[in-house]
Number of protein chains: 2
Amino acid sequence: MDTYKVLEIKQSIFEDNDRQAELLREELKKEKTFLLNLMSSPGSGKTTTIVRTIEALKDEMNIGVMEADIDSDVDAHTVSKTGAKVIQLHTGGMCHLDAGMTKQGLEGLGTEGIDFAILENVGNLVCPAEFDTGSSKNAMILSVPEGDDKPLKYPLMFSIVDVVLVNKIDAVANFDFNFDKFREHIKRLNPNIKVIPISAKTGEGIEQWAEWVRTEVKNWNEK
Amino acid sequence: MDTYKVLEIKQSIFEDNDRQAELLREELKKEKTFLLNLMSSPGSGKTTTIVRTIEALKDEMNIGVMEADIDSDVDAHTVSKTGAKVIQLHTGGMCHLDAGMTKQGLEGLGTEGIDFAILENVGNLVCPAEFDTGSSKNAMILSVPEGDDKPLKYPLMFSIVDVVLVNKIDAVANFDFNFDKFREHIKRLNPNIKVIPISAKTGEGIEQWAEWVRTEVKNWNEK
């Protein structure tokens with residue numbers, strides 16, 4: 001039985017997204033809910049990574065997931081099997097979520113008692129980077145098959161994230177992905193960015209990622 | 001020495017994009033230039049496929065390439081090495097090209113004597129699907145690592161393309177990509193879609209793809 005609901009998100013009525021994002025962040029701070037905005041290209045492994053993350057952390061914290069998609073329920077269906085609280089958000093053709101849309105999603109999910117909320121943003125390296133969702137931290141996944149040159153092509157995305165998970169490292173032998181070149185590209189855009197190589201398929205690197213989440217959730221509740 | 005120029009594209013001033021697209025298609029028809037709009041996610045292999053396509057067809061037709069990107073020149077640099085006529089288009093943050101922007105690109109490229117023009121659209125499965133560029137045909141690349149469920153998640157894109165190249169089939173053993181399931185998903189959205197499995201890396205399937213292009217270019221000049 002599927003245990004998620006589906007919410008058709010309305011376009012935001014607010015003109016000043018940055019202001020709305022700040023207000024949402026303050027609210028989440030008071031509620032002690034850490035919100036992670038997770039972005040990537042289609043098919044880089046966001047949903048599988050979320051499933052792995054839930055498995056690694058569900059005994060320590062209450063996790064809620066918002067799955068944003070143009071109009072399918074594939075991801076909420078997958079994530080709901082973990083037992084975590086899940087809502088599917090339909091953006092109605094829109095390629096991103098802003099703070100107003102994220103707030104609608106959080107209200108639909110219900111954040112009471114949620115320590116760690118994950119927003120799986122629409123699969124896209126352009127539009128989601130342009131809108132502050134009100135999240136506590138921004139993360140992205142780049143998968144090895146996409147190539148090490150992506151920071152050159154999507155500089156805004158790589159500039160605004162706090163952490164980048166380099167996924168599908170189990171397949172690295174099949175692709176020319178140069179980690180040194182990649183790190184060089186992104187450090188130029190974003191010197192403080194954290195890079196964590198993972199394989200959501202085999203589980204490699206997931207513990208290091210879970211540790212990053214633990215620390216950030218703890219900081220969010222203490223600051 | 002790089003032999004391409006870079007054009008900063010302006011936002012279109014036309015309200016009726018569909019009308020502009022039709023006008024552009026008529027112009028291209030008169031000029032006997034077949035325009036292919038090539039779309040995909042970031043990192044699915046558009047540029048490598050274009051290089052392979054040029055290699056396969058350059059002795060039979062004059063090819064011109066427009067590389068659209070937010071703001072890098074990586075792809076024009078790569079494609080210029082083939083000897084084909086290339087222009088880099090910068091969209092200034094925009095996640096798609098419409099007909100007005102494509103027309104600016106074609107004017108920058110110069111279509112005189114060009115039989116086959118390729119527009120490498122911005123890497124994105126959402127926004128580019130929403131705008132008719134004025135192209136003769138629409139193609140997309142889905143790479144095996146992205147997964148066979150993508151038609152469910154980006155239905156508009158799979159609905160509007162004439163052909164889908166399934167790239168990186170050399171890596172198929174590393175990923176769970178079910179071709180039967182994939183064909184079933186897309187045929188429901190788009191019964192006339194043509195599916196061509198390729199590997200831009202090894203060259204597998206490129207001849208079948210080149211044959212599709214030959215036929216379409218011929219039809220465009222005869223109709």
# chains A, B, ... in the order shown; residues from 1 in each chain; ligands from 1
>>> interface_residues(of="chain A", to="chain B", cutoff="7 Å", atoms="only C-alpha atoms", output="PyMOL selection string")
chain A and resi 41-44+69-72+95+124+126-127+145-147+152-153+171+174
>>> residues_around(residues="segment 209-213 of chain B", least_positions_apart="6", cutoff="9 Å", atoms="only C-alpha atoms", output="ChimeraX atom specification")
/B:53,56-57,116,165,196-198
>>> atom_distance(atom1="atom CA of Val172 of chain B", atom2="atom CA of Thr48 of chain A")
18.3 Å
>>> atom_distance(atom1="atom CA of Val79 of chain B", atom2="atom CA of Ala129 of chain A")
27.5 Å
>>> select_by_dssp(residues="segment 8-221 of chain B", states="strand (DSSP E or B)", output="count of residues only")
42
>>> atom_distance(atom1="atom CA of Met61 of chain A", atom2="atom CA of Ala84 of chain A")
10.5 Å
>>> residues_around(residues="segment 14-25 of chain A", least_positions_apart="6", cutoff="6 Å", atoms="only C-alpha atoms", output="list of chain:residue names")
A:Ala99, A:Thr133, A:Gly134
>>> closest_residue(among="B:Arg214, B:Lys10, B:Lys29, B:Lys58", to="Leu97 of chain B", atoms="only C-alpha atoms")
B:Lys10
>>> residues_around(residues="Gly108 of chain B", least_positions_apart="4", cutoff="9 Å", atoms="only C-alpha atoms", output="compact mmCIF listing (two decimals) with N, CA and C atoms, in the first residue's frame")
# COMPACT_ATOMS: atom_id res chain seq x y z
N LYS B 5 32.77 31.44 -33.31
CA LYS B 5 32.51 32.69 -32.60
C LYS B 5 31.50 32.46 -31.49
N VAL B 6 31.38 33.47 -30.65
CA VAL B 6 30.49 33.36 -29.49
C VAL B 6 29.45 34.46 -29.61
N LEU B 7 28.18 34.10 -29.45
CA LEU B 7 27.10 35.07 -29.57
C LEU B 7 26.30 35.12 -28.28
N ILE B 87 29.08 27.75 -34.01
CA ILE B 87 28.93 28.97 -33.23
C ILE B 87 28.50 28.60 -31.81
N LEU B 89 26.41 29.72 -28.63
CA LEU B 89 25.36 30.64 -28.22
C LEU B 89 25.28 30.67 -26.69
N LYS B 103 16.69 31.81 -34.26
CA LYS B 103 16.91 32.62 -35.46
C LYS B 103 18.16 33.49 -35.31
N GLN B 104 18.33 34.09 -34.14
CA GLN B 104 19.57 34.87 -33.88
C GLN B 104 20.80 33.98 -34.07
>>> closest_residue(among="A:Val195, A:Leu28, A:Val86, A:Ile13", to="Ile63 of chain A", atoms="only C-alpha atoms")
A:Val86
>>> residues_around(residues="segment 187-190 of chain B", least_positions_apart="2", cutoff="10 Å", atoms="only C-alpha atoms", output="mmCIF file with N, CA, C and O atoms, in the first residue's frame")
data_model
loop_
_atom_site.group_PDB
_atom_site.id
_atom_site.type_symbol
_atom_site.label_atom_id
_atom_site.label_comp_id
_atom_site.auth_asym_id
_atom_site.auth_seq_id
_atom_site.Cartn_x
_atom_site.Cartn_y
_atom_site.Cartn_z
ATOM 1 N N PRO B 151 10.807 8.610 -19.264
ATOM 2 C CA PRO B 151 9.577 9.039 -19.953
ATOM 3 C C PRO B 151 8.418 9.321 -18.989
ATOM 4 O O PRO B 151 7.590 10.181 -19.254
ATOM 5 N N LEU B 152 8.387 8.614 -17.869
ATOM 6 C CA LEU B 152 7.335 8.854 -16.880
ATOM 7 C C LEU B 152 7.516 10.215 -16.211
ATOM 8 O O LEU B 152 6.555 10.842 -15.793
ATOM 9 N N PRO B 155 7.399 13.586 -19.442
ATOM 10 C CA PRO B 155 6.553 13.118 -20.551
ATOM 11 C C PRO B 155 6.485 14.096 -21.732
ATOM 12 O O PRO B 155 6.454 13.658 -22.877
ATOM 13 N N LEU B 156 6.520 15.400 -21.443
ATOM 14 C CA LEU B 156 6.416 16.364 -22.554
ATOM 15 C C LEU B 156 7.595 16.188 -23.510
ATOM 16 O O LEU B 156 7.418 16.119 -24.727
ATOM 17 N N MET B 157 8.797 16.115 -22.961
ATOM 18 C CA MET B 157 9.990 15.947 -23.804
ATOM 19 C C MET B 157 9.869 14.712 -24.702
ATOM 20 O O MET B 157 10.100 14.784 -25.914
ATOM 21 N N PHE B 158 9.466 13.592 -24.130
ATOM 22 C CA PHE B 158 9.373 12.354 -24.915
ATOM 23 C C PHE B 158 8.207 12.398 -25.910
ATOM 24 O O PHE B 158 8.183 11.638 -26.868
ATOM 25 N N SER B 159 7.249 13.299 -25.664
ATOM 26 C CA SER B 159 6.099 13.428 -26.572
ATOM 27 C C SER B 159 6.421 14.234 -27.816
ATOM 28 O O SER B 159 5.824 14.021 -28.865
ATOM 29 N N ILE B 160 7.337 15.187 -27.697
ATOM 30 C CA ILE B 160 7.540 16.131 -28.800
ATOM 31 C C ILE B 160 8.717 15.775 -29.701
ATOM 32 O O ILE B 160 8.963 16.439 -30.688
ATOM 33 N N VAL B 161 9.470 14.730 -29.365
ATOM 34 C CA VAL B 161 10.625 14.402 -30.207
ATOM 35 C C VAL B 161 10.273 13.352 -31.256
ATOM 36 O O VAL B 161 9.383 12.532 -31.061
ATOM 37 N N ASP B 162 10.963 13.426 -32.385
ATOM 38 C CA ASP B 162 10.756 12.476 -33.476
ATOM 39 C C ASP B 162 11.623 11.236 -33.295
ATOM 40 O O ASP B 162 11.281 10.166 -33.775
ATOM 41 N N PHE B 182 11.351 0.556 -21.290
ATOM 42 C CA PHE B 182 11.548 1.898 -21.841
ATOM 43 C C PHE B 182 10.689 2.114 -23.095
ATOM 44 O O PHE B 182 9.974 3.100 -23.218
ATOM 45 N N ARG B 183 10.730 1.131 -24.007
ATOM 46 C CA ARG B 183 9.948 1.245 -25.246
ATOM 47 C C ARG B 183 8.457 1.292 -24.937
ATOM 48 O O ARG B 183 7.695 2.038 -25.558
ATOM 49 N N GLU B 184 8.043 0.505 -23.966
ATOM 50 C CA GLU B 184 6.636 0.482 -23.568
ATOM 51 C C GLU B 184 6.211 1.869 -23.041
ATOM 52 O O GLU B 184 5.170 2.400 -23.425
ATOM 53 N N HIS B 185 7.040 2.464 -22.186
ATOM 54 C CA HIS B 185 6.744 3.799 -21.639
ATOM 55 C C HIS B 185 6.612 4.837 -22.751
ATOM 56 O O HIS B 185 5.683 5.629 -22.772
ATOM 57 N N ASN B 192 4.810 7.138 -32.635
ATOM 58 C CA ASN B 192 5.626 7.202 -33.854
ATOM 59 C C ASN B 192 7.108 7.445 -33.592
ATOM 60 O O ASN B 192 7.892 7.603 -34.520
ATOM 61 N N ILE B 193 7.475 7.512 -32.353
ATOM 62 C CA ILE B 193 8.865 7.836 -32.019
ATOM 63 C C ILE B 193 9.798 6.727 -32.514
ATOM 64 O O ILE B 193 9.462 5.548 -32.508
ATOM 65 N N LYS B 194 10.956 7.156 -32.980
ATOM 66 C CA LYS B 194 11.985 6.224 -33.435
ATOM 67 C C LYS B 194 13.040 6.104 -32.335
ATOM 68 O O LYS B 194 13.488 7.119 -31.796
ATOM 69 N N VAL B 195 13.420 4.884 -31.994
ATOM 70 C CA VAL B 195 14.427 4.672 -30.947
ATOM 71 C C VAL B 195 15.691 4.083 -31.575
ATOM 72 O O VAL B 195 15.618 3.059 -32.267
#
>>> select_by_dssp(residues="segment 12-73 of chain A", states="helix (DSSP H, G or I)", output="PyMOL selection string")
chain A and resi 17-31+46-57
>>> decode(residues="segment 94-109 of chain A", atoms="all heavy atoms", output="compact mmCIF listing (two decimals), in the first residue's frame")
# COMPACT_ATOMS: atom_id res chain seq x y z
N MET A 94 6.42 23.36 -14.05
CA MET A 94 7.50 24.27 -13.66
C MET A 94 8.78 23.51 -13.36
O MET A 94 8.75 22.41 -12.82
CB MET A 94 7.08 25.13 -12.48
CG MET A 94 6.31 26.36 -12.95
SD MET A 94 5.76 27.37 -11.58
CE MET A 94 4.47 26.31 -10.93
N CYS A 95 9.92 24.14 -13.71
CA CYS A 95 11.20 23.44 -13.68
C CYS A 95 11.96 23.68 -12.38
O CYS A 95 13.14 23.37 -12.29
CB CYS A 95 12.05 23.88 -14.87
SG CYS A 95 12.30 25.67 -14.96
N HIS A 96 11.31 24.25 -11.38
CA HIS A 96 12.01 24.56 -10.13
C HIS A 96 10.98 24.69 -9.02
O HIS A 96 9.77 24.71 -9.29
CB HIS A 96 12.75 25.89 -10.26
CG HIS A 96 11.80 27.05 -10.34
ND1 HIS A 96 11.23 27.45 -11.52
CD2 HIS A 96 11.27 27.84 -9.38
CE1 HIS A 96 10.42 28.45 -11.28
NE2 HIS A 96 10.40 28.71 -10.01
N LEU A 97 11.45 24.82 -7.80
CA LEU A 97 10.60 25.22 -6.67
C LEU A 97 11.18 26.48 -6.05
O LEU A 97 12.39 26.57 -5.87
CB LEU A 97 10.55 24.13 -5.58
CG LEU A 97 9.48 23.07 -5.81
CD1 LEU A 97 10.05 21.95 -6.64
CD2 LEU A 97 8.95 22.56 -4.50
N ASP A 98 10.33 27.43 -5.72
CA ASP A 98 10.79 28.59 -4.97
C ASP A 98 10.35 28.42 -3.52
O ASP A 98 9.82 27.36 -3.13
CB ASP A 98 10.28 29.89 -5.60
CG ASP A 98 8.76 29.98 -5.61
OD1 ASP A 98 8.11 29.23 -4.87
OD2 ASP A 98 8.23 30.81 -6.36
N ALA A 99 10.55 29.47 -2.70
CA ALA A 99 10.25 29.35 -1.27
C ALA A 99 8.75 29.17 -1.01
O ALA A 99 8.36 28.39 -0.15
CB ALA A 99 10.78 30.59 -0.54
N GLY A 100 7.93 29.87 -1.78
CA GLY A 100 6.48 29.76 -1.60
C GLY A 100 5.99 28.35 -1.90
O GLY A 100 5.14 27.80 -1.19
N MET A 101 6.51 27.77 -2.95
CA MET A 101 6.13 26.41 -3.33
C MET A 101 6.64 25.40 -2.30
O MET A 101 5.96 24.43 -1.96
CB MET A 101 6.70 26.09 -4.72
CG MET A 101 6.09 26.95 -5.82
SD MET A 101 7.14 27.02 -7.32
CE MET A 101 6.72 25.45 -8.08
N THR A 102 7.86 25.64 -1.80
CA THR A 102 8.43 24.75 -0.78
C THR A 102 7.59 24.79 0.49
O THR A 102 7.34 23.76 1.12
CB THR A 102 9.89 25.16 -0.48
OG1 THR A 102 10.61 25.15 -1.71
CG2 THR A 102 10.55 24.21 0.50
N LYS A 103 7.13 26.00 0.83
CA LYS A 103 6.30 26.16 2.03
C LYS A 103 4.99 25.36 1.88
O LYS A 103 4.56 24.68 2.81
CB LYS A 103 6.01 27.64 2.24
CG LYS A 103 5.46 27.95 3.63
CD LYS A 103 5.22 29.45 3.77
CE LYS A 103 4.13 29.71 4.78
NZ LYS A 103 4.63 30.02 6.13
N GLN A 104 4.39 25.43 0.69
CA GLN A 104 3.19 24.62 0.44
C GLN A 104 3.49 23.13 0.64
O GLN A 104 2.71 22.39 1.22
CB GLN A 104 2.69 24.81 -1.00
CG GLN A 104 2.11 26.16 -1.34
CD GLN A 104 1.83 26.29 -2.85
OE1 GLN A 104 1.20 25.42 -3.46
NE2 GLN A 104 2.33 27.35 -3.45
N GLY A 105 4.65 22.72 0.15
CA GLY A 105 5.05 21.32 0.28
C GLY A 105 5.23 20.92 1.74
O GLY A 105 4.77 19.86 2.17
N LEU A 106 5.90 21.80 2.51
CA LEU A 106 6.14 21.51 3.93
C LEU A 106 4.83 21.43 4.70
O LEU A 106 4.67 20.59 5.59
CB LEU A 106 7.05 22.59 4.54
CG LEU A 106 8.52 22.51 4.11
CD1 LEU A 106 9.23 23.82 4.44
CD2 LEU A 106 9.24 21.34 4.78
N GLU A 107 3.89 22.30 4.34
CA GLU A 107 2.58 22.25 5.01
C GLU A 107 1.85 20.96 4.67
O GLU A 107 1.20 20.36 5.51
CB GLU A 107 1.76 23.49 4.63
CG GLU A 107 2.24 24.74 5.38
CD GLU A 107 1.71 26.06 4.81
OE1 GLU A 107 0.93 26.00 3.82
OE2 GLU A 107 2.08 27.11 5.34
N GLY A 108 1.99 20.54 3.40
CA GLY A 108 1.37 19.29 2.98
C GLY A 108 1.99 18.08 3.66
O GLY A 108 1.30 17.13 4.05
N LEU A 109 3.32 18.15 3.84
CA LEU A 109 4.04 17.05 4.50
C LEU A 109 3.72 17.01 5.99
O LEU A 109 3.47 15.95 6.55
CB LEU A 109 5.56 17.24 4.30
CG LEU A 109 6.50 16.23 4.93
CD1 LEU A 109 6.42 14.89 4.21
CD2 LEU A 109 7.94 16.73 4.92
